[in-house]
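Novice: Just entry.cif, nothing more (mmCIF, C-alpha atoms):
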data_work
loop_
_atom_site.label_atom_id
_atom_site.label_comp_id
_atom_site.auth_asym_id
_atom_site.auth_seq_id
_atom_site.Cartn_x
_atom_site.Cartn_y
_atom_site.Cartn_z
CA MET V 87 93.73 92.58 57.65
CA ASN V 88 95.74 92.73 60.88
CA ASN V 89 94.33 92.08 64.36
CA GLU V 90 93.71 95.73 65.22
CA GLN V 91 91.80 96.35 61.97
CA MET V 92 89.81 93.18 62.54
CA VAL V 93 88.85 94.27 66.05
CA GLY V 94 87.94 97.74 64.84
CA THR V 95 85.43 96.42 62.32
CA ALA V 96 84.07 93.33 64.11
CA ASN V 97 80.31 92.95 63.92
CA GLY V 98 80.10 96.29 62.09
CA ALA V 99 79.45 98.12 65.35
CA LEU V 100 82.71 98.41 67.29
CA ILE V 101 84.31 101.82 67.61
CA ASN V 102 87.84 102.50 66.43
CA LEU V 103 90.25 102.17 69.36
CA ASP V 104 92.41 105.04 68.12
CA ASN V 105 89.47 107.47 68.33
CA ALA V 106 87.70 106.02 71.34
CA ARG V 107 89.53 108.01 74.01
CA TYR V 108 88.85 111.26 72.20
CA GLU V 109 85.17 110.38 71.84
CA ILE V 110 85.00 109.63 75.57
CA GLU V 111 86.63 112.93 76.54
CA ILE V 112 84.35 115.10 74.39
CA ALA V 113 81.13 113.24 75.21
CA ASN V 114 78.81 115.51 77.20
CA ASP V 115 75.77 113.31 77.65
CA LEU V 116 75.23 109.99 79.35
CA LEU V 117 73.46 108.36 76.43
CA SER V 118 76.54 108.74 74.21
CA LEU V 119 78.81 107.40 76.93
CA LYS V 120 76.51 104.46 77.59
CA ASN V 121 76.63 103.55 73.90
CA ILE V 122 80.44 103.79 73.85
CA HIS V 123 80.63 101.72 77.04
CA ASP V 124 78.41 98.99 75.58
CA LYS V 125 80.50 98.81 72.43
CA LEU V 126 83.72 98.60 74.44
CA SER V 127 82.20 95.86 76.59
CA ALA V 128 81.28 93.90 73.50
CA MET V 129 84.72 94.51 72.02
CA LYS V 130 86.42 93.18 75.15
CA VAL V 131 84.36 89.99 75.01
CA TYR V 132 85.20 89.61 71.33
CA CYS V 133 88.93 90.17 71.92
CA LYS V 134 89.06 87.43 74.51
CA ALA V 135 87.02 85.00 72.43
CA ALA V 136 89.12 85.67 69.32
CA LYS V 137 92.34 85.48 71.38
CA VAL V 138 93.43 88.87 70.13
CA SER V 139 96.74 90.14 71.55
CA PHE V 140 96.83 91.05 75.23
CA GLU V 141 97.90 94.62 74.36
CA ILE V 142 94.73 95.27 72.31
CA THR V 143 92.50 93.66 74.92
CA GLN V 144 94.23 95.79 77.58
CA ARG V 145 93.64 98.96 75.57
CA CYS V 146 89.98 98.04 75.31
CA SER V 147 89.78 97.49 79.08
CA GLU V 148 91.45 100.83 79.77
CA LEU V 149 89.08 102.72 77.49
CA LYS V 150 86.10 101.01 79.11
CA ILE V 151 87.29 102.21 82.54
CA ARG V 152 87.91 105.73 81.24
CA CYS V 153 84.40 105.72 79.81
CA GLU V 154 83.00 104.69 83.20
CA ARG V 155 84.97 107.48 84.90
CA ARG V 156 83.67 110.09 82.44
CA ALA V 157 80.10 108.83 82.90
CA GLY V 158 80.60 109.01 86.66
CA GLU V 159 81.68 112.64 86.37
CA LEU V 160 78.45 113.48 84.54
CA LEU V 161 76.38 111.52 87.05
CA ASN V 162 78.04 113.31 89.96
CA SER V 163 77.35 116.73 88.47
CA ARG V 164 73.84 116.32 87.09
CA GLU V 165 70.66 117.43 88.84
CA LYS V 166 68.93 114.68 90.79
CA HIS V 167 65.41 113.52 90.01
CA PRO V 168 62.75 113.80 92.70
CA PRO V 169 61.51 110.43 94.05
CA GLY V 170 58.37 108.89 92.65
CA PRO V 171 57.13 107.28 89.42
CA LEU V 172 57.85 108.71 85.99
CA PRO V 173 55.17 111.03 84.56
CA GLU V 174 53.43 109.34 81.66
CA ASP V 175 53.68 112.41 79.42
CA LYS V 176 57.49 112.60 79.78
CA SER V 177 57.15 116.29 80.64
CA HIS V 178 59.85 115.88 83.28
CA HIS V 179 62.46 116.05 80.49
CA ALA V 180 61.90 119.79 80.32
CA THR V 181 63.23 120.14 83.86
CA TYR V 182 65.31 117.03 84.54
CA PRO V 183 67.66 114.86 82.47
CA PRO V 184 66.63 111.29 81.64
CA ARG V 185 66.47 108.88 84.55
CA LEU V 186 68.91 105.99 84.88
CA ASP V 187 66.39 103.37 83.78
CA GLU V 188 65.63 105.41 80.68
CA LEU V 189 69.35 105.30 79.84
CA ASP V 190 69.55 101.58 80.62
CA ILE V 191 72.03 102.34 83.42
CA THR V 192 71.57 100.31 86.59
CA LYS V 193 71.86 101.81 90.07
CA SER V 194 74.86 99.56 90.67
CA GLN V 195 76.60 100.88 87.56
CA SER V 196 75.81 104.45 88.54
CA SER V 197 77.24 103.96 92.02
CA ARG V 198 80.42 102.28 90.74
CA TRP V 199 81.04 104.87 88.04
CA GLN V 200 80.54 107.76 90.43
CA SER V 201 83.01 106.17 92.86
CA ILE V 202 85.63 105.85 90.11
CA ALA V 203 85.01 109.47 89.07
CA LYS V 204 85.79 110.70 92.60
CA ILE V 205 89.35 109.34 92.46
CA PRO V 206 91.78 112.27 92.05
CA GLU V 207 93.25 112.27 88.54
CA LYS V 208 96.83 111.73 89.77
CA ASN V 209 95.83 108.65 91.78
CA PHE V 210 93.69 107.35 88.92
CA GLU V 211 96.46 107.58 86.33
CA GLU V 212 99.07 106.13 88.71
CA ARG V 213 96.90 103.10 89.43
CA LEU V 214 96.31 102.46 85.73
CA GLU V 215 100.04 102.70 84.99
CA ASP V 216 100.91 100.46 87.92
CA ILE V 217 98.56 97.71 86.74
CA LYS V 218 99.75 97.99 83.14
CA ASN V 219 103.42 97.85 84.16
CA LYS V 220 102.70 94.65 86.08
CA LYS V 221 101.10 93.18 82.94
CA GLN V 222 97.89 92.50 84.87
CA GLU V 223 94.43 92.72 83.33
CA LEU V 224 92.76 96.07 83.91
CA THR V 225 89.37 95.83 85.60
CA SER V 226 86.98 98.27 87.22
CA ARG V 227 87.43 96.29 90.44
CA ASP V 228 90.97 97.63 90.81
CA LEU V 229 89.77 101.23 90.61
CA LEU V 230 86.82 100.62 92.93
CA SER V 231 89.24 99.20 95.48
CA LEU V 232 91.34 102.35 95.20
CA ALA V 233 88.24 104.56 95.49
CA GLY V 234 87.18 102.76 98.66
CA TYR V 235 90.65 103.07 100.16
CA LEU V 236 90.88 106.80 99.41
CA ASN V 237 87.39 107.40 100.79
CA ARG V 238 88.29 105.61 104.02
CA GLN V 239 91.47 107.64 104.24
CA HIS V 240 89.49 110.85 103.77
CA GLU V 241 87.00 109.91 106.47
CA ARG V 242 89.80 108.97 108.86
CA GLU V 243 91.51 112.29 108.19
CA LYS V 244 88.35 114.17 109.09
CA ARG V 245 88.06 112.17 112.30
CA ARG V 246 91.71 112.84 113.05
CA GLU V 247 91.21 116.58 112.68
CA SER V 248 88.21 116.39 114.98
CA ALA V 249 90.18 114.22 117.41
CA PHE V 250 92.98 116.77 117.55
CA GLU V 251 90.56 119.47 118.71
CA GLU V 252 88.75 117.15 121.11
CA ALA V 253 92.02 115.95 122.63
CA LYS V 254 92.82 119.49 123.77
CA LYS V 255 89.80 119.71 126.03
CA ASN V 256 89.01 116.15 127.06
CA GLU V 257 89.82 114.83 130.49
CA PHE V 258 89.57 111.20 131.53
CA ASP V 259 90.29 108.80 134.36
CA ASP V 260 93.68 109.64 135.91
CA ARG V 261 94.34 105.91 136.23
CA ILE V 262 94.71 105.88 132.44
CA GLN V 263 97.78 107.63 131.02
CA ILE V 264 98.34 108.33 127.32
CA ARG V 265 101.81 109.51 126.33
CA HIS V 266 103.40 110.65 123.09
CA GLY V 267 106.80 109.35 122.04
CA ASP V 268 109.03 106.32 121.59
CA PHE V 269 108.25 103.79 124.32
CA GLN V 270 111.97 103.35 125.09
CA LYS V 271 112.05 107.00 126.20
CA VAL V 272 108.58 107.92 127.48
CA LEU V 273 108.09 104.70 129.46
CA LYS V 274 111.52 104.77 131.13
CA ASP V 275 109.92 105.87 134.41
CA ILE V 276 107.91 102.64 134.77
CA PRO V 277 109.58 100.80 137.66
CA ASP V 278 111.19 97.40 137.22
CA ASN V 279 108.98 94.40 138.02
CA SER V 280 105.80 96.52 138.28
CA VAL V 281 103.66 95.57 135.24
CA ASN V 282 101.11 92.76 135.30
CA LEU V 283 100.36 92.62 131.57
CA ILE V 284 101.75 94.12 128.38
CA LEU V 285 99.19 93.99 125.57
CA THR V 286 100.29 95.56 122.32
CA ASP V 287 100.16 95.50 118.53
CA PRO V 288 103.48 96.58 116.91
CA ILE V 289 103.94 97.37 113.23
CA TYR V 290 104.31 94.15 111.22
CA SER V 291 106.76 95.30 108.54
CA LYS V 292 110.19 93.71 108.28
CA GLU V 293 111.74 97.17 108.53
CA ASN V 294 110.32 97.48 112.06
CA LEU V 295 111.57 94.11 113.34
CA PRO V 296 114.22 95.79 115.57
CA ASP V 297 111.28 97.21 117.57
CA TRP V 298 110.40 93.65 118.56
CA SER V 299 113.84 93.12 120.07
CA GLU V 300 113.51 96.38 122.00
CA LEU V 301 110.05 95.31 123.14
CA SER V 302 111.48 92.04 124.43
CA PHE V 303 114.10 93.88 126.49
CA PHE V 304 111.55 96.42 127.80
CA ALA V 305 109.13 93.67 128.84
CA SER V 306 111.88 91.74 130.61
CA ARG V 307 112.56 94.81 132.73
CA VAL V 308 109.08 96.03 133.67
CA LEU V 309 107.05 92.80 133.86
CA LYS V 310 106.59 91.06 137.17
CA HIS V 311 108.03 87.57 137.30
CA GLY V 312 105.74 85.05 135.60
CA LYS V 313 103.57 87.70 133.93
CA LEU V 314 102.80 87.99 130.23
CA LEU V 315 103.48 89.99 127.14
CA ALA V 316 100.53 89.38 124.77
CA CYS V 317 101.56 90.63 121.36
CA TYR V 318 99.55 90.73 118.14
CA SER V 319 101.56 89.66 115.13
CA SER V 320 101.13 88.68 111.47
CA ASN V 321 101.76 85.35 109.80
CA ASN V 322 104.22 86.84 107.31
CA ILE V 323 106.62 87.80 110.15
CA LEU V 324 105.49 85.31 112.81
CA ALA V 325 108.70 83.27 112.88
CA GLU V 326 110.90 86.36 113.10
CA SER V 327 108.72 88.05 115.73
CA ILE V 328 108.87 84.92 117.92
CA LYS V 329 112.65 84.82 117.48
CA ARG V 330 113.00 88.49 118.48
CA LEU V 331 110.73 88.30 121.51
CA SER V 332 112.57 85.14 122.65
CA GLU V 333 115.74 87.19 123.15
CA HIS V 334 114.72 88.15 126.71
CA LEU V 335 111.44 86.30 127.34
CA GLU V 336 110.11 82.74 127.39
CA TYR V 337 107.66 81.60 124.71
CA VAL V 338 104.32 80.37 126.13
CA TRP V 339 101.66 80.00 123.40
CA THR V 340 100.17 81.32 120.17
CA LEU V 341 96.48 82.31 120.18
CA ALA V 342 94.40 82.73 117.04
CA VAL V 343 91.97 85.64 116.60
CA ILE V 344 89.45 84.58 113.95
CA TYR V 345 87.77 87.15 111.70
CA HIS V 346 84.79 85.31 110.17
CA THR V 347 83.55 88.11 107.96
CA CYS V 348 86.75 89.85 106.94
CA ARG V 349 89.65 88.39 104.99
CA LYS V 350 93.13 89.80 104.56
CA PRO V 351 94.60 88.87 101.17
CA HIS V 352 98.34 88.09 101.14
CA HIS V 353 99.03 88.58 97.45
CA PRO V 354 102.61 87.23 97.21
CA TYR V 355 101.41 83.86 98.56
CA ARG V 356 97.88 83.92 97.08
CA ILE V 357 96.48 83.25 100.56
CA ASN V 358 93.36 84.79 102.08
CA GLY V 359 93.95 85.22 105.80
CA PHE V 360 91.03 84.95 108.22
CA TRP V 361 92.98 84.91 111.47
CA LYS V 362 95.70 86.81 113.29
CA PRO V 363 98.18 85.38 115.82
CA VAL V 364 98.59 86.71 119.34
CA ILE V 365 101.82 85.37 120.80
CA LEU V 366 102.25 85.02 124.55
CA PHE V 367 105.65 85.41 126.23
CA SER V 368 106.42 85.42 129.94
CA LYS V 369 109.15 86.87 132.10
CA GLY V 370 110.63 83.72 133.55
CA LYS V 371 108.37 80.73 134.06
CA TYR V 372 104.75 81.61 133.32
CA GLU V 373 102.50 81.80 136.38
CA PRO V 374 98.93 81.78 135.01
CA GLU V 375 95.90 83.21 136.74
CA LYS V 376 93.40 80.70 138.11
CA ILE V 377 91.04 81.14 135.16
CA TRP V 378 91.41 79.00 132.02
CA ILE V 379 91.68 80.82 128.67
CA ASN V 380 90.87 79.77 125.11
CA ASP V 381 93.50 79.85 122.36
CA VAL V 382 90.91 80.69 119.69
CA LEU V 383 89.15 84.07 119.90
CA TYR V 384 86.49 85.55 117.62
CA ALA V 385 86.27 89.17 116.53
CA ASP V 386 83.95 89.88 113.61
CA ARG V 387 83.66 93.65 113.77
CA ARG V 388 86.75 95.07 112.05
CA THR V 389 85.45 98.58 111.54
CA LYS V 390 88.72 100.55 111.20
CA VAL V 391 86.79 103.68 112.13
CA TYR V 392 89.65 105.71 113.58
CA HIS V 393 92.83 104.15 112.18
CA GLU V 394 93.72 101.78 109.33
CA TRP V 395 95.40 99.40 111.82
CA GLU V 396 92.68 99.66 114.44
CA LEU V 397 91.83 96.45 116.31
CA PRO V 398 88.26 95.42 117.12
CA LEU V 399 87.46 95.57 120.83
CA GLU V 400 86.63 91.89 121.39
CA GLY V 401 90.18 90.53 121.37
CA PRO V 402 91.80 93.05 123.77
CA GLU V 403 88.77 92.89 126.07
CA TYR V 404 89.05 89.10 126.39
CA LEU V 405 92.81 89.22 126.95
CA ILE V 406 92.70 91.97 129.57
CA GLN V 407 89.87 90.33 131.49
CA ASN V 408 91.53 86.91 131.55
CA LEU V 409 95.25 87.72 131.77
CA SER V 410 95.01 90.33 134.53
CA VAL V 411 92.88 91.21 137.56
CA GLU V 412 91.45 94.42 139.00
CA ASN V 413 93.97 97.15 139.92
CA ASP V 414 96.71 95.48 137.83
CA LEU V 415 98.92 97.72 135.71
CA VAL V 416 98.48 97.13 131.96
CA VAL V 417 100.92 98.71 129.49
CA ASP V 418 100.70 99.20 125.70
CA PRO V 419 103.94 100.53 124.11
CA PHE V 420 102.39 100.66 120.60
CA LEU V 421 99.08 102.30 121.45
CA GLY V 422 97.85 103.21 117.97
CA SER V 423 94.34 104.68 118.16
CA GLY V 424 93.95 103.55 121.78
CA THR V 425 91.87 100.38 121.62
CA THR V 426 93.51 98.90 124.73
CA ALA V 427 92.82 102.03 126.79
CA VAL V 428 89.28 102.34 125.42
CA VAL V 429 88.48 98.74 126.39
CA ILE V 430 89.64 99.32 129.97
CA ALA V 431 87.69 102.56 130.29
CA ALA V 432 84.53 101.63 128.36
CA LYS V 433 84.11 98.20 129.95
CA LYS V 434 85.00 99.54 133.43
CA LEU V 435 87.62 96.83 133.90
CA ASN V 436 89.22 98.73 136.80
CA ARG V 437 92.83 98.40 135.66
CA ARG V 438 95.58 100.98 135.72
CA PHE V 439 96.92 101.73 132.27
CA ILE V 440 99.90 103.42 130.62
CA GLY V 441 100.17 103.56 126.85
CA CYS V 442 102.16 105.50 124.28
CA ASP V 443 102.67 105.90 120.58
CA ILE V 444 105.27 107.67 118.48
CA ASP V 445 102.55 109.06 116.16
CA ILE V 446 100.98 112.22 117.60
CA ILE V 447 97.91 111.79 115.39
CA ALA V 448 97.28 108.34 116.86
CA VAL V 449 97.79 109.71 120.38
CA ASN V 450 95.24 112.47 119.78
CA ILE V 451 92.75 109.94 118.44
CA ALA V 452 93.25 107.78 121.53
CA ARG V 453 92.74 110.74 123.85
CA SER V 454 89.66 111.82 121.91
CA ARG V 455 88.12 108.33 122.05
CA LEU V 456 88.60 108.24 125.80
CA GLY V 457 87.14 111.73 126.19
CA MET V 458 84.00 110.73 124.31
CA LEU V 459 83.26 107.80 126.64
CA GLU V 460 80.67 108.15 129.34
CA VAL V 461 82.59 106.52 132.16
#
Can you turn what I pasted into structure tokens?
Specialist:
Amino acid sequence: MNNEQMVGTANGALINLDNARYEIEIANDLLSLKNIHDKLSAMKVYCKAAKVSFEITQRCSELKIRCERRAGELLNSREKHPPGPLPEDKSHHATYPPRLDELDITKSQSSRWQSIAKIPEKNFEERLEDIKNKKQELTSRDLLSLAGYLNRQHEREKRRESAFEEAKKNEFDDRIQIRHGDFQKVLKDIPDNSVNLILTDPIYSKENLPDWSELSFFASRVLKHGKLLACYSSNNILAESIKRLSEHLEYVWTLAVIYHTCRKPHHPYRINGFWKPVILFSKGKYEPEKIWINDVLYADRRTKVYHEWELPLEGPEYLIQNLSVENDLVVDPFLGSGTTAVVIAAKKLNRRFIGCDIDIIAVNIARSRLGMLEV
């Protein structure tokens, strides 16, 4: 008996892998799917314990996920039970399908399976193929991660559509200017030696590193002597970003923004990141304000409500308050969803501000956020 035959007959209860996918696709009730799921779960445990080939174990994992997706589809489409205890006479079955506890399905399972079922088929199949091609073990966690990402993208898209309409009618403080376009073009009118602080968050990809050189040149032109560029960066490009900004500016310091409750996994290095660098560069010799600043900041609320790269407010607020004074001109050449402008307006920091972004969607979000403030 070969390995596949052995797995198919183990414990006299395991379903045949060759027929399992068909059984999953034609199943039209949750009880059948729950039974298939339990058998596949048992089979997966057996395969690992018996050290069956990775290919067979992987097939078992894939079928288990497909079973969860099919069960999620049925859960999403079935009529919901009213709240309250179960009737003792079971008469509710005439009107409603069995409850989760009657099917031995937990609320957590139901929620996870429904999330997986909401993934568009194209995205679902692509993720499965991607994981299999990488020879990684298939788990529900991978699909739940994708479901969460797609849901966040969908919610952001709805907010973007709303922001586009709001941006058409909103008006805000004329001391705050939001512009659309490449900063090298739309910020050309900023006079030399007129800016007190540049606070910005460029894209961290290696493909965008030339932007950092252009930013260095721009800052050397518009900053007042001794004033700062405070630039968010990422550890994976930190050395290169410092090198690029050093082309026209003087390095001062690296601050750390700590995110206690949110980690950023860096998969190639197997490192979980809990902090982000903010590098300080000056035009000429740095001339600090009278106030002392800390080189460790804390920002726990990483909500990403409006944009996937959105910064929490705490970091920019601290930097603007402590690296500039009232009536100073603050500039952000990579505005994104407008956090820098929102901080100035919402906290009534009484600074002048000019910001821009090449992405019109981001610009509309920034304008909408400002329009919604009661300032």
Novice: Excluding Ile344 (chain V) and residues on its chain fewer than 5 positions from it, collect all residues at most 7 Å away from it, counting all atoms listed in the file, and give them as a ChimeraX atom specification.
Specialist: /V:360-362,383-385
Novice: For each of V:Lys193, V:Arg238, V:Lys274, V:Lys313, take the minimum atom-to-atom distance to Glu336 (chain V), counting only C-alpha atoms, then give the residue where this is smallest.
Specialist: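 Of all the options, V:Lys313 lies closest to Glu336 (chain V).
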Novice: Could you tell me which residues the PyMOL selection byres ((chain V and resi 144) around 10) returns for this structure, as number ranges by chain?
Specialist: V: 130, 133, 139-143, 145-150, 218, 221-225
Novice: Counting all atoms listed in the file, which residues have an atom no more than 9 Å from (99.8, 87.9, 122.1) in the file's coordinates? Please list them as a PyMOL selection string.
Specialist: chain V and resi 285-287+314-319+339-341+363-367+405
Novice: I'd like the residues picked by the PyMOL selection byres ((chain V and resi 120) around 9) written out as a PyMOL selection string, using the chain letters and numbers from the file.
Specialist: chain V and resi 115-119+121-125+153-154+157+189-191
Novice: Step by step, work through what the PyMOL selection byres ((chain V and resi 368) around 12) selects in the shown file, and finish by giving those residues as a PyMOL selection string.
Specialist: chain V and resi 281-284+302-303+305-317+331-339+365-367+369-374+409
Novice: How many Å separate CA of Thr347 (chain V) from CA of Arg227 (chain V)?
Specialist: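 These atoms are spaced 19.7 Å apart.
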Novice: Rank nothing, just name the residue among V:Tyr108, V:Tyr290, V:Phe420, V:Tyr345 nearest to Ala325 (chain V), using all atoms listed in the file.
Specialist: V:Tyr290
Novice: Rounded to one decimal in Å, what is the spacing between CA of Arg155 (chain V) and CA of Arg349 (chain V)?
Specialist: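 One can read the CA of Arg155 (chain V) to CA of Arg349 (chain V) distance as 28.1 Å.
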Novice: Nearest to Leu301 (chain V) among V:Arg261, V:Gly234, V:Val417, V:Asn322, with distances taken over only C-alpha atoms: which residue is it?
Specialist: V:Val417
Novice: Tell me which protein, DNA and RNA residues are within 6 Å of region 435-443 of chain V, counting only C-alpha atoms, leaving out same-chain ones fewer than 5 positions away, and put them as a list in words.
Specialist: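 Neighbouring residues, sequence-local ones excluded: Arg261, Ile262, Gln263, Ile264, Arg265, His266, Gly267, Glu412, Asn413, Asp414, Leu415, Val416, Val417, Asp418, Pro419, Phe420, Leu421 and Ile430 of chain V.
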